[in-house]
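Dropping my_file_17.cif in here (mmCIF, C-alpha atoms):
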```
data_input
loop_
_atom_site.group_PDB
_atom_site.id
_atom_site.type_symbol
_atom_site.label_atom_id
_atom_site.label_comp_id
_atom_site.auth_asym_id
_atom_site.auth_seq_id
_atom_site.Cartn_x
_atom_site.Cartn_y
_atom_site.Cartn_z
ATOM 1 C CA MET T 1 157.643 71.029 179.512
ATOM 2 C CA THR T 2 159.095 74.084 177.813
ATOM 3 C CA LEU T 3 161.687 72.038 175.927
ATOM 4 C CA GLU T 4 158.903 70.099 174.214
ATOM 5 C CA GLN T 5 157.908 73.313 172.427
ATOM 6 C CA PHE T 6 161.205 73.180 170.536
ATOM 7 C CA SER T 7 160.638 69.636 169.251
ATOM 8 C CA LEU T 8 160.094 69.208 165.509
ATOM 9 C CA ALA T 9 159.123 65.538 165.761
ATOM 10 C CA GLY T 10 156.784 64.592 162.928
ATOM 11 C CA LYS T 11 157.457 67.801 160.978
ATOM 12 C CA VAL T 12 158.629 68.026 157.362
ATOM 13 C CA ALA T 13 160.997 70.815 156.329
ATOM 14 C CA ILE T 14 162.042 72.025 152.899
ATOM 15 C CA VAL T 15 165.488 73.658 152.987
ATOM 16 C CA THR T 16 166.780 75.298 149.817
ATOM 17 C CA GLY T 17 170.490 75.517 149.210
ATOM 18 C CA SER T 18 170.914 72.607 151.602
ATOM 19 C CA SER T 19 173.935 70.899 150.085
ATOM 20 C CA LYS T 20 176.562 73.157 151.645
ATOM 21 C CA GLY T 21 177.300 76.070 153.941
ATOM 22 C CA LEU T 22 174.534 77.655 155.954
ATOM 23 C CA GLY T 23 171.797 75.548 154.362
ATOM 24 C CA LYS T 24 173.536 72.312 155.279
ATOM 25 C CA GLY T 25 174.053 73.498 158.845
ATOM 26 C CA MET T 26 170.391 74.449 159.236
ATOM 27 C CA ALA T 27 169.184 71.202 157.661
ATOM 28 C CA TYR T 28 171.246 69.248 160.179
ATOM 29 C CA GLY T 29 169.897 71.377 163.028
ATOM 30 C CA LEU T 30 166.293 70.787 161.980
ATOM 31 C CA ALA T 31 166.931 67.050 161.715
ATOM 32 C CA GLU T 32 168.539 67.045 165.161
ATOM 33 C CA ALA T 33 165.291 68.568 166.469
ATOM 34 C CA GLY T 34 163.232 65.806 164.846
ATOM 35 C CA ALA T 35 162.242 67.043 161.374
ATOM 36 C CA ASP T 36 162.368 65.090 158.125
ATOM 37 C CA ILE T 37 164.236 67.042 155.439
ATOM 38 C CA ALA T 38 163.581 67.753 151.778
ATOM 39 C CA GLY T 39 166.894 69.236 150.725
ATOM 40 C CA VAL T 40 166.904 71.363 147.591
ATOM 41 C CA TYR T 41 170.210 71.669 145.753
ATOM 42 C CA ARG T 42 171.284 72.981 142.356
ATOM 43 C CA SER T 43 174.326 71.000 141.222
ATOM 44 C CA ASP T 44 175.413 68.319 143.650
ATOM 45 C CA ASP T 45 174.175 66.763 146.871
ATOM 46 C CA PRO T 46 176.997 65.245 148.942
ATOM 47 C CA PRO T 47 176.149 61.670 150.028
ATOM 48 C CA GLN T 48 177.027 62.507 153.627
ATOM 49 C CA ASN T 49 173.982 64.780 153.873
ATOM 50 C CA ARG T 50 171.632 61.817 153.558
ATOM 51 C CA GLU T 51 173.852 59.691 155.763
ATOM 52 C CA ILE T 52 174.072 62.236 158.571
ATOM 53 C CA ILE T 53 170.349 63.035 158.565
ATOM 54 C CA GLU T 54 169.325 59.374 158.442
ATOM 55 C CA ASN T 55 171.779 58.578 161.240
ATOM 56 C CA LEU T 56 169.887 61.169 163.283
ATOM 57 C CA GLY T 57 166.792 59.025 162.793
ATOM 58 C CA GLN T 58 165.127 61.281 160.221
ATOM 59 C CA ARG T 59 164.140 60.793 156.601
ATOM 60 C CA TYR T 60 165.872 62.686 153.806
ATOM 61 C CA HIS T 61 164.904 63.405 150.214
ATOM 62 C CA GLY T 62 167.137 65.375 147.865
ATOM 63 C CA ILE T 63 165.580 67.516 145.133
ATOM 64 C CA ARG T 64 167.693 68.921 142.303
ATOM 65 C CA ALA T 65 166.279 72.288 141.235
ATOM 66 C CA ASP T 66 167.458 75.496 139.601
ATOM 67 C CA LEU T 67 165.743 78.283 141.482
ATOM 68 C CA SER T 68 166.656 80.822 138.841
ATOM 69 C CA HIS T 69 163.630 79.394 136.992
ATOM 70 C CA LEU T 70 160.171 79.398 138.569
ATOM 71 C CA SER T 71 159.310 76.170 136.755
ATOM 72 C CA SER T 72 161.201 74.257 139.450
ATOM 73 C CA ILE T 73 158.914 75.358 142.275
ATOM 74 C CA GLY T 74 156.011 73.050 141.493
ATOM 75 C CA ASP T 75 158.350 70.058 141.389
ATOM 76 C CA ILE T 76 159.826 70.929 144.797
ATOM 77 C CA ILE T 77 156.381 70.994 146.369
ATOM 78 C CA ASP T 78 155.161 67.897 144.508
ATOM 79 C CA GLN T 79 158.221 65.788 145.359
ATOM 80 C CA THR T 80 158.023 66.742 149.024
ATOM 81 C CA ILE T 81 154.320 65.847 149.237
ATOM 82 C CA GLU T 82 154.859 62.611 147.334
ATOM 83 C CA THR T 83 157.716 61.580 149.631
ATOM 84 C CA PHE T 84 156.521 62.788 153.037
ATOM 85 C CA GLY T 85 152.801 63.475 152.613
ATOM 86 C CA ARG T 86 152.907 67.038 153.942
ATOM 87 C CA ILE T 87 154.976 70.213 154.422
ATOM 88 C CA ASP T 88 155.287 72.061 157.727
ATOM 89 C CA ILE T 89 158.387 74.208 157.322
ATOM 90 C CA LEU T 90 160.092 76.138 154.535
ATOM 91 C CA VAL T 91 163.586 77.585 154.905
ATOM 92 C CA ASN T 92 164.417 79.885 151.977
ATOM 93 C CA ASN T 93 168.204 79.760 152.101
ATOM 94 C CA ALA T 94 169.270 79.499 148.439
ATOM 95 C CA GLY T 95 171.105 82.584 147.278
ATOM 96 C CA ILE T 96 173.825 83.846 144.965
ATOM 97 C CA ILE T 97 176.012 86.944 144.826
ATOM 98 C CA ARG T 98 177.676 88.981 142.091
ATOM 99 C CA ARG T 99 180.423 91.470 142.863
ATOM 100 C CA GLY T 100 181.265 94.581 140.872
ATOM 101 C CA LEU T 101 181.293 98.352 140.803
ATOM 102 C CA SER T 102 177.790 99.783 140.541
ATOM 103 C CA ILE T 103 178.928 102.037 137.693
ATOM 104 C CA ASP T 104 179.785 98.960 135.619
ATOM 105 C CA PHE T 105 177.211 96.456 136.922
ATOM 106 C CA THR T 106 175.430 94.461 134.200
ATOM 107 C CA GLU T 107 171.764 93.713 133.741
ATOM 108 C CA LYS T 108 172.536 89.982 133.774
ATOM 109 C CA ASP T 109 174.289 90.192 137.134
ATOM 110 C CA TRP T 110 171.329 92.159 138.465
ATOM 111 C CA ASP T 111 168.700 89.741 137.157
ATOM 112 C CA ASP T 112 170.570 86.553 138.110
ATOM 113 C CA VAL T 113 170.764 87.603 141.756
ATOM 114 C CA MET T 114 167.259 89.025 142.020
ATOM 115 C CA ASN T 115 165.718 85.944 140.398
ATOM 116 C CA VAL T 116 167.261 83.519 142.902
ATOM 117 C CA ASN T 117 167.410 85.637 146.051
ATOM 118 C CA LEU T 118 164.039 87.368 145.885
ATOM 119 C CA LYS T 119 161.754 86.230 143.069
ATOM 120 C CA SER T 120 162.057 82.500 143.723
ATOM 121 C CA LEU T 121 161.843 83.102 147.470
ATOM 122 C CA PHE T 122 158.486 84.821 147.037
ATOM 123 C CA PHE T 123 156.968 82.252 144.728
ATOM 124 C CA LEU T 124 158.223 79.242 146.692
ATOM 125 C CA SER T 125 156.799 80.844 149.846
ATOM 126 C CA GLN T 126 153.519 81.345 147.998
ATOM 127 C CA ALA T 127 153.431 77.685 146.956
ATOM 128 C CA ALA T 128 154.245 76.530 150.492
ATOM 129 C CA ALA T 129 151.590 78.812 151.984
ATOM 130 C CA ARG T 130 148.993 77.375 149.638
ATOM 131 C CA GLN T 131 149.936 73.885 150.825
ATOM 132 C CA PHE T 132 149.875 74.962 154.486
ATOM 133 C CA THR T 133 146.388 76.399 153.962
ATOM 134 C CA LYS T 134 145.244 73.235 152.226
ATOM 135 C CA GLN T 135 146.517 71.108 155.104
ATOM 136 C CA GLY T 136 144.717 73.357 157.583
ATOM 137 C CA ASN T 137 147.413 73.376 160.285
ATOM 138 C CA GLY T 138 149.411 76.457 159.364
ATOM 139 C CA GLY T 139 153.156 76.407 158.888
ATOM 140 C CA LYS T 140 156.473 78.149 159.398
ATOM 141 C CA ILE T 141 158.618 80.019 156.875
ATOM 142 C CA VAL T 142 162.124 81.288 157.592
ATOM 143 C CA ASN T 143 163.845 83.486 155.018
ATOM 144 C CA ILE T 144 167.581 84.043 155.039
ATOM 145 C CA ALA T 145 168.288 87.756 154.956
ATOM 146 C CA SER T 146 171.699 89.377 155.501
ATOM 147 C CA MET T 147 173.623 92.147 157.217
ATOM 148 C CA LEU T 148 172.953 93.943 153.934
ATOM 149 C CA SER T 149 169.260 93.891 154.754
ATOM 150 C CA PHE T 150 170.256 96.569 157.284
ATOM 151 C CA GLN T 151 173.290 98.149 155.619
ATOM 152 C CA GLY T 152 174.354 99.224 152.158
ATOM 153 C CA GLY T 153 177.641 97.453 151.701
ATOM 154 C CA ILE T 154 179.835 97.973 148.644
ATOM 155 C CA LEU T 155 180.318 96.245 145.287
ATOM 156 C CA VAL T 156 177.187 94.050 145.593
ATOM 157 C CA PRO T 157 174.268 96.218 144.390
ATOM 158 C CA SER T 158 171.899 93.423 143.366
ATOM 159 C CA TYR T 159 172.685 91.397 146.496
ATOM 160 C CA THR T 160 171.965 94.372 148.759
ATOM 161 C CA ALA T 161 168.743 95.110 146.901
ATOM 162 C CA SER T 162 167.633 91.481 147.092
ATOM 163 C CA LYS T 163 168.394 91.069 150.787
ATOM 164 C CA SER T 164 166.687 94.362 151.655
ATOM 165 C CA GLY T 165 163.720 92.980 149.748
ATOM 166 C CA VAL T 166 163.848 89.732 151.708
ATOM 167 C CA MET T 167 163.378 91.599 154.979
ATOM 168 C CA GLY T 168 160.534 93.656 153.518
ATOM 169 C CA LEU T 169 158.765 90.615 152.067
ATOM 170 C CA THR T 170 159.142 88.802 155.383
ATOM 171 C CA ARG T 171 157.154 91.572 157.050
ATOM 172 C CA LEU T 172 154.510 91.726 154.322
ATOM 173 C CA LEU T 173 153.931 87.966 154.181
ATOM 174 C CA ALA T 174 153.757 87.794 157.969
ATOM 175 C CA CYS T 175 150.999 90.394 157.946
ATOM 176 C CA GLU T 176 149.003 88.641 155.234
ATOM 177 C CA TRP T 177 149.385 85.062 156.384
ATOM 178 C CA ALA T 178 149.257 85.318 160.175
ATOM 179 C CA PRO T 179 145.432 84.840 160.103
ATOM 180 C CA HIS T 180 146.119 81.440 158.470
ATOM 181 C CA ASN T 181 148.448 80.390 161.326
ATOM 182 C CA ILE T 182 151.499 80.840 159.112
ATOM 183 C CA ASN T 183 154.519 82.460 160.753
ATOM 184 C CA VAL T 184 157.028 84.190 158.489
ATOM 185 C CA ASN T 185 160.318 85.359 159.969
ATOM 186 C CA ALA T 186 163.910 85.797 158.849
ATOM 187 C CA ILE T 187 167.464 85.225 159.967
ATOM 188 C CA ALA T 188 170.152 87.723 158.992
ATOM 189 C CA PRO T 189 173.521 85.981 159.230
ATOM 190 C CA GLY T 190 176.549 88.127 159.903
ATOM 191 C CA TYR T 191 179.896 87.491 158.286
ATOM 192 C CA MET T 192 179.911 83.714 157.882
ATOM 193 C CA ALA T 193 182.797 81.542 156.757
ATOM 194 C CA THR T 194 181.211 80.170 153.582
ATOM 195 C CA ARG T 195 182.121 79.952 149.904
ATOM 196 C CA ASN T 196 180.207 83.175 149.188
ATOM 197 C CA THR T 197 182.522 85.122 151.493
ATOM 198 C CA GLN T 198 185.755 83.352 150.525
ATOM 199 C CA PRO T 199 187.062 86.307 148.467
ATOM 200 C CA ILE T 200 186.722 88.556 151.532
ATOM 201 C CA GLN T 201 188.272 85.992 153.858
ATOM 202 C CA ASP T 202 191.217 85.723 151.470
ATOM 203 C CA ASP T 203 191.750 89.496 151.404
ATOM 204 C CA PRO T 204 194.063 90.169 154.390
ATOM 205 C CA VAL T 205 193.100 93.837 154.658
ATOM 206 C CA ARG T 206 189.334 93.324 154.414
ATOM 207 C CA ASN T 207 189.427 90.235 156.646
ATOM 208 C CA LYS T 208 191.260 92.195 159.346
ATOM 209 C CA GLN T 209 188.768 95.078 159.104
ATOM 210 C CA ILE T 210 185.830 92.715 159.539
ATOM 211 C CA LEU T 211 187.275 90.799 162.471
ATOM 212 C CA GLU T 212 188.134 94.021 164.265
ATOM 213 C CA ARG T 213 184.486 95.111 164.108
ATOM 214 C CA ILE T 214 182.884 91.836 165.226
ATOM 215 C CA PRO T 215 182.693 91.849 169.047
ATOM 216 C CA ALA T 216 182.803 88.039 169.084
ATOM 217 C CA GLY T 217 186.162 88.272 167.301
ATOM 218 C CA ARG T 218 185.513 85.547 164.744
ATOM 219 C CA TRP T 219 183.653 84.687 161.564
ATOM 220 C CA GLY T 220 180.372 82.856 162.059
ATOM 221 C CA LYS T 221 179.914 79.171 161.305
ATOM 222 C CA PRO T 222 176.903 77.288 159.863
ATOM 223 C CA ASP T 223 176.335 75.682 163.268
ATOM 224 C CA ASP T 224 175.708 79.160 164.711
ATOM 225 C CA LEU T 225 172.352 79.252 162.902
ATOM 226 C CA LYS T 226 171.005 75.944 164.196
ATOM 227 C CA GLY T 227 169.420 77.210 167.402
ATOM 228 C CA ALA T 228 167.719 80.190 165.797
ATOM 229 C CA VAL T 229 166.212 78.277 162.894
ATOM 230 C CA VAL T 230 164.890 75.534 165.183
ATOM 231 C CA PHE T 231 163.377 78.181 167.450
ATOM 232 C CA LEU T 232 161.691 80.047 164.578
ATOM 233 C CA VAL T 233 160.062 76.925 163.121
ATOM 234 C CA SER T 234 158.997 75.431 166.462
ATOM 235 C CA GLU T 235 155.962 76.048 168.652
ATOM 236 C CA ALA T 236 158.199 78.108 170.945
ATOM 237 C CA SER T 237 158.008 80.989 168.437
ATOM 238 C CA ASN T 238 154.276 80.896 167.700
ATOM 239 C CA TYR T 239 153.818 84.579 168.613
ATOM 240 C CA ILE T 240 156.792 85.837 166.612
ATOM 241 C CA ASN T 241 155.872 87.070 163.152
ATOM 242 C CA GLY T 242 157.577 89.351 160.651
ATOM 243 C CA TYR T 243 160.827 89.686 162.593
ATOM 244 C CA THR T 244 164.401 89.433 161.338
ATOM 245 C CA ILE T 245 166.911 88.057 163.847
ATOM 246 C CA ALA T 246 170.537 89.066 163.293
ATOM 247 C CA ILE T 247 173.055 86.346 164.084
ATOM 248 C CA ASP T 248 176.184 88.380 163.668
ATOM 249 C CA GLY T 249 178.485 88.083 166.666
ATOM 250 C CA GLY T 250 177.488 91.620 167.628
ATOM 251 C CA TRP T 251 178.321 93.270 164.264
ATOM 252 C CA LEU T 252 175.235 95.514 164.213
ATOM 253 C CA ALA T 253 175.659 96.439 167.864
ATOM 254 C CA ARG T 254 179.163 97.861 167.322
#
```

The structure in this file should be written as structure tokens.
Amino acid sequence: MTLEQFSLAGKVAIVTGSSKGLGKGMAYGLAEAGADIAGVYRSDDPPQNREIIENLGQRYHGIRADLSHLSSIGDIIDQTIETFGRIDILVNNAGIIRRGLSIDFTEKDWDDVMNVNLKSLFFLSQAAARQFTKQGNGGKIVNIASMLSFQGGILVPSYTASKSGVMGLTRLLACEWAPHNINVNAIAPGYMATRNTQPIQDDPVRNKQILERIPAGRWGKPDDLKGAVVFLVSEASNYINGYTIAIDGGWLAR
């Protein structure tokens, strides 16, 4: 049956930035579809994450890692293999943002964002692809892009640069790794109600401007990404490669 193509039963997924926001929502969605979860977090991992995923009948393993340093990547892969025996899915969700006028933007704010949002994404994808190739069954990678993969934005120069790079790398890696049965795609969330966007939500003028442009008339929620991420890591999407899906309530269509 067609619905069986969406099942992730027996699959193992690494989700970075899984302790909150969009990452938590996607981790829950993957578990609901049958995947075991290796959740990568930087500072804290709420106990309910394990509880909710295990109550869904799936296994959960939390991995503390600072993705601003590449030294953490080997440990993420090693812990996942040690715990679950394999890796089938990687969701590169971890990301940070720095806000400021481009005329005053600092090198540190540039490097901090690029290191987490783009550099670690590439090298963790590389490590996962090596494991997929070793296992011989291919794999699925989903990168989290942004509306600013398509648009310029304001006051977030390193974030825009990093997310534009995410979409470009998604295409490049798809081209290189498709012969190894590795699918690489991306999701570009629209304006989502998360901690990263809290300053904009709290600005009554900016919040009103955003809501007026979104045809759906509301901010997105983490649950809005569940269906797309399950689709992109399931057999149902086996012939989709190098594509970035916008989940934006119609923002780009306006």

Give me the residues of segment 16-43 of chain T that have any atom at most 8 Å from an atom of segment 70-91 of chain T; for each, the nearest atom pair and the distance in Å, rounded to one decimal. Use only C-alpha atoms, sort by chain and number, and format it as a Markdown table.
```
| residue | atom | partner | partner_atom | distance |
| --- | --- | --- | --- | --- |
| T:Thr16 | CA | T:Val91 | CA | 6.4 |
| T:Ala38 | CA | T:Thr80 | CA | 6.3 |
| T:Val40 | CA | T:Ile76 | CA | 7.6 |
```

Restricting the output to C-alpha atoms, write the selected residues as a tab-separated table (two decimals), in the frame of the given file.
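In the end it all went to part39.tsv:
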```
chain	number	residue	atom	x	y	z
T	16	THR	CA	166.78	75.30	149.82
T	38	ALA	CA	163.58	67.75	151.78
T	40	VAL	CA	166.90	71.36	147.59
```

*Enumerate, as a ChimeraX atom specification, the residues matched when the PyMOL selection byres ((chain T and resi 153-168) around 8) is run on the file above.*
/T:96-102,109-111,113-114,117-118,143-146,148-152,169-172,186,244

*Taking the file as shown, what set of residues would the PyMOL selection byres ((chain T and resi 218) around 12) give back, as an MDAnalysis selection string?*
chainID T and resid 190:193 201 207:217 219:221 224 248:251

*Between T:Leu173, T:Leu22, T:Ala129, T:Leu3, which has the minimum distance to Lys226 of chain T (counting all atoms listed in the file)?*
T:Leu22

*Can you give me, as a PyMOL selection string, the residues this file yields under the PyMOL selection byres ((chain T and resi 48-61) around 8)?*
chain T and resi 19+24+28+31-32+34-39+45-47+62-63+80+83

*Pick out the closest residue to Ala188 of chain T from this set: T:Ile245, T:Ile200, T:Ala236, T:Ala174. Count only C-alpha atoms.*
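Using only C-alpha atoms, the shortest distance to Ala188 of chain T belongs to T:Ile245.
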